[in-house]
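S.K.: Next up is a structure, given as structure tokens.
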Amino acid sequence: MTFQRNEARHRRGYRAGPALVLAGILGACSGNTPPDIAYGKGMSCLDDSAHCISQRKAALRNIVTRSDRHWVRDPASVQSYASGVRLFAFKTKKKELTCNELQIGRKEAEGAARVLRGPEGRSLSPAQISRGVILGEEVSRELAREHKRRCRRG
């Protein structure tokens, strides 16, 4: 789909479903078992090749299966937003995050659109930007709901 058609759909209020966004970010095909890789490596692999898809899947699996959540406070790059791994990790782990971590994640998800559309995102394709923005908006809403449900103000 061309950038112009994407923009027209966005102006009309079209929203891709979460499954469509995730399939586009992590990749729809799952054949081979990806190698066990470090957390950061899958964040910067952005194309839709089988190699990059397996790296993103392995990075996400590495994040969500770890007992520590050091990644919550790690600085995020434009590539980490475009790959969707960090944002989807926040979405997946929301019930386990502390109230403070939920706030950190929500602020990060809210800022994803600004980073992706800013100067750092110039090397990204319009589709990568669009998918990252949509996922950021969705994750921000979900984390806000979870925070409101479990955390007291004050």
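Each chain in the structure tokens gets a letter, A, B, ..., in the order shown, and its residues are numbered from 1; ligands are numbered from 1 in order too.
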Please list as a list in words every residue within 9 Å of region 136-152 of chain A, counting only C-alpha atoms and excluding residues in the same chain fewer than 5 positions away.
M.R.: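 With the cut-off at 9 Å, the set is Pro18, Tyr81, Gly84, Leu87, Phe88, Phe90, Lys91, Lys94, Lys95, Thr98, Cys99, Asn100, Leu102, Gln103, Gly105, Arg106, Lys107, Glu108, Ala109, Glu110, Gly111, Ala112, Ala113 and Arg131 of chain A.
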S.K.: Convert the current residue selection to file output with N, CA and C atoms, as a compact mmCIF listing (two decimals), in the first residue's frame.
M.R.:
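Okay, this is what ended up in part-v1.txt:
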# COMPACT_ATOMS: atom_id res chain seq x y z
N PRO A 18 -4.85 -4.95 16.04
CA PRO A 18 -3.61 -5.31 16.71
C PRO A 18 -2.92 -6.51 16.08
N TYR A 81 11.49 1.21 18.35
CA TYR A 81 10.07 1.52 18.11
C TYR A 81 9.61 0.93 16.78
N GLY A 84 9.13 -2.77 16.93
CA GLY A 84 7.96 -3.12 17.72
C GLY A 84 8.25 -4.01 18.91
N LEU A 87 7.80 -2.17 22.44
CA LEU A 87 6.40 -1.82 22.68
C LEU A 87 5.56 -3.07 22.92
N PHE A 88 5.80 -4.10 22.13
CA PHE A 88 5.03 -5.32 22.33
C PHE A 88 5.40 -5.99 23.64
N PHE A 90 6.12 -4.36 26.43
CA PHE A 90 5.31 -3.63 27.42
C PHE A 90 3.87 -4.16 27.41
N LYS A 91 3.33 -4.35 26.23
CA LYS A 91 1.95 -4.85 26.09
C LYS A 91 1.82 -6.24 26.72
N LYS A 94 2.34 -6.16 30.78
CA LYS A 94 1.65 -5.10 31.53
C LYS A 94 1.11 -5.55 32.89
N LYS A 95 0.64 -6.78 33.00
CA LYS A 95 0.07 -7.25 34.27
C LYS A 95 1.14 -7.52 35.32
N THR A 98 5.20 -2.92 37.66
CA THR A 98 4.81 -2.10 38.80
C THR A 98 4.10 -0.85 38.28
N CYS A 99 3.48 -0.13 39.18
CA CYS A 99 2.80 1.11 38.78
C CYS A 99 3.78 2.09 38.15
N ASN A 100 4.97 2.20 38.71
CA ASN A 100 5.99 3.10 38.15
C ASN A 100 6.41 2.63 36.76
N LEU A 102 4.62 0.89 34.68
CA LEU A 102 3.50 1.17 33.77
C LEU A 102 3.55 2.61 33.28
N GLN A 103 3.85 3.54 34.19
CA GLN A 103 3.95 4.95 33.79
C GLN A 103 5.12 5.16 32.83
N GLY A 105 6.40 2.97 30.77
CA GLY A 105 6.01 2.37 29.49
C GLY A 105 5.00 3.22 28.74
N ARG A 106 4.04 3.78 29.46
CA ARG A 106 3.03 4.62 28.81
C ARG A 106 3.65 5.87 28.21
N LYS A 107 4.53 6.50 28.95
CA LYS A 107 5.20 7.70 28.42
C LYS A 107 6.06 7.36 27.21
N GLU A 108 6.72 6.21 27.27
CA GLU A 108 7.54 5.80 26.14
C GLU A 108 6.66 5.52 24.92
N ALA A 109 5.56 4.81 25.12
CA ALA A 109 4.66 4.49 24.01
C ALA A 109 4.05 5.76 23.42
N GLU A 110 3.71 6.72 24.28
CA GLU A 110 3.16 7.99 23.79
C GLU A 110 4.18 8.76 22.96
N GLY A 111 5.45 8.65 23.32
CA GLY A 111 6.50 9.38 22.60
C GLY A 111 6.99 8.69 21.34
N ALA A 112 6.55 7.46 21.10
CA ALA A 112 7.03 6.71 19.94
C ALA A 112 6.72 7.44 18.63
N ALA A 113 5.52 7.97 18.49
CA ALA A 113 5.13 8.65 17.24
C ALA A 113 6.04 9.84 16.96
N ARG A 131 3.35 1.52 11.24
CA ARG A 131 3.15 0.38 12.14
C ARG A 131 3.62 0.71 13.54
S.K.: Got a sec: who's within 12 Å of Glu120 (chain A), counting only C-alpha atoms, leaving out chain neighbours fewer than 2 positions off, as a list in words?
M.R.: Ala76, Ser77, Val78, Gln79, Ser80, Tyr81, Ala82, Ala112, Ala113, Arg114, Val115, Leu116, Arg117, Gly118, Arg122, Ser123, Leu124 and Ile129 of chain A
S.K.: Put those residues in a file: N, CA, C and O atoms, as a CSV table (one decimal), in the first residue's frame.
M.R.:
chain,number,residue,atom,x,y,z
A,76,ALA,N,15.4,3.9,24.7
A,76,ALA,CA,14.8,3.3,23.5
A,76,ALA,C,15.3,4.0,22.3
A,76,ALA,O,15.5,5.3,22.3
A,77,SER,N,15.6,3.3,21.2
A,77,SER,CA,16.0,3.9,20.0
A,77,SER,C,14.9,3.9,19.0
A,77,SER,O,13.9,3.3,19.2
A,78,VAL,N,15.0,4.7,17.9
A,78,VAL,CA,14.0,4.7,16.9
A,78,VAL,C,13.8,3.3,16.3
A,78,VAL,O,12.7,2.9,15.9
A,79,GLN,N,14.9,2.6,16.2
A,79,GLN,CA,14.8,1.2,15.6
A,79,GLN,C,14.0,0.3,16.6
A,79,GLN,O,13.3,-0.6,16.1
A,80,SER,N,14.1,0.5,17.9
A,80,SER,CA,13.3,-0.3,18.8
A,80,SER,C,11.9,0.0,18.7
A,80,SER,O,11.0,-0.9,18.9
A,81,TYR,N,11.5,1.2,18.4
A,81,TYR,CA,10.1,1.5,18.1
A,81,TYR,C,9.6,0.9,16.8
A,81,TYR,O,8.5,0.4,16.7
A,82,ALA,N,10.5,1.1,15.8
A,82,ALA,CA,10.1,0.6,14.4
A,82,ALA,C,10.0,-1.0,14.4
A,82,ALA,O,9.1,-1.5,13.7
A,112,ALA,N,6.6,7.5,21.1
A,112,ALA,CA,7.0,6.7,19.9
A,112,ALA,C,6.7,7.4,18.6
A,112,ALA,O,7.6,7.5,17.7
A,113,ALA,N,5.5,8.0,18.5
A,113,ALA,CA,5.1,8.7,17.2
A,113,ALA,C,6.0,9.8,17.0
A,113,ALA,O,6.5,10.0,15.8
A,114,ARG,N,6.3,10.6,18.0
A,114,ARG,CA,7.2,11.8,17.8
A,114,ARG,C,8.6,11.4,17.4
A,114,ARG,O,9.2,12.0,16.5
A,115,VAL,N,9.1,10.3,17.9
A,115,VAL,CA,10.5,9.9,17.6
A,115,VAL,C,10.5,9.3,16.2
A,115,VAL,O,11.3,9.6,15.3
A,116,LEU,N,9.5,8.5,15.8
A,116,LEU,CA,9.4,7.8,14.5
A,116,LEU,C,9.2,8.8,13.4
A,116,LEU,O,9.8,8.7,12.3
A,117,ARG,N,8.5,9.9,13.7
A,117,ARG,CA,8.2,10.9,12.6
A,117,ARG,C,9.2,12.0,12.6
A,117,ARG,O,9.2,12.9,11.8
A,118,GLY,N,10.1,12.0,13.6
A,118,GLY,CA,11.2,13.0,13.7
A,118,GLY,C,12.4,12.7,12.9
A,118,GLY,O,12.4,11.8,12.0
A,122,ARG,N,14.0,9.3,9.7
A,122,ARG,CA,14.2,9.5,8.3
A,122,ARG,C,14.6,8.3,7.5
A,122,ARG,O,14.3,8.2,6.3
A,123,SER,N,15.3,7.4,8.1
A,123,SER,CA,15.8,6.2,7.4
A,123,SER,C,14.8,5.1,7.3
A,123,SER,O,15.0,4.1,6.6
A,124,LEU,N,13.6,5.3,8.0
A,124,LEU,CA,12.6,4.3,8.0
A,124,LEU,C,11.6,4.5,6.8
A,124,LEU,O,11.4,5.6,6.3
A,129,ILE,N,7.1,3.4,9.9
A,129,ILE,CA,6.7,4.4,10.8
A,129,ILE,C,5.2,4.3,11.2
A,129,ILE,O,4.9,4.3,12.3
S.K.: If you run DSSP on the backbone here, which positions in region 44-88 of chain A get alpha helix (DSSP H)? Please write them as a list in words.
M.R.: Ala50, His51, Cys52, Ile53, Ser54, Gln55, Arg56, Lys57, Ala58, Ala59, Leu60, Arg61, Asn62, Ile63, Val64, Thr65, Val78, Gln79, Ser80, Tyr81, Ala82, Ser83, Val85, Arg86, Leu87 and Phe88 of chain A
S.K.: Just give me the gap between CA of His70 (chain A) and CA of Lys93 (chain A) in Å, one decimal is fine.
M.R.: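 Value for the CA of His70 (chain A)-CA of Lys93 (chain A) distance: 12.8 Å.
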S.K.: Kindly give the distance, in Å, that separates CA of Ser67 (chain A) and CA of Glu96 (chain A), rounded to a single decimal.
M.R.: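 Atom-to-atom, CA of Ser67 (chain A) and CA of Glu96 (chain A) are spaced 10.3 Å apart.
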S.K.: So which one's closest to Leu135 (chain A), A:Glu101, A:Asp48, A:Met43, A:Ala89? Using only C-alpha atoms, please.
M.R.: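 Among A:Glu101, A:Asp48, A:Met43, A:Ala89, it is A:Ala89 that comes nearest to Leu135 (chain A).
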S.K.: Could you tell me how far CA of Leu46 (chain A) lies from CA of Ser83 (chain A), in Å and to one decimal?
M.R.: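 Between CA of Leu46 (chain A) and CA of Ser83 (chain A) the gap is 5.6 Å.
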S.K.: Counting only C-alpha atoms, which residue out of A:Asp68, A:Val85, A:Pro119, A:Pro75 sits closest to Gln55 (chain A)?
M.R.: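 Among A:Asp68, A:Val85, A:Pro119, A:Pro75, it is A:Val85 that comes nearest to Gln55 (chain A).
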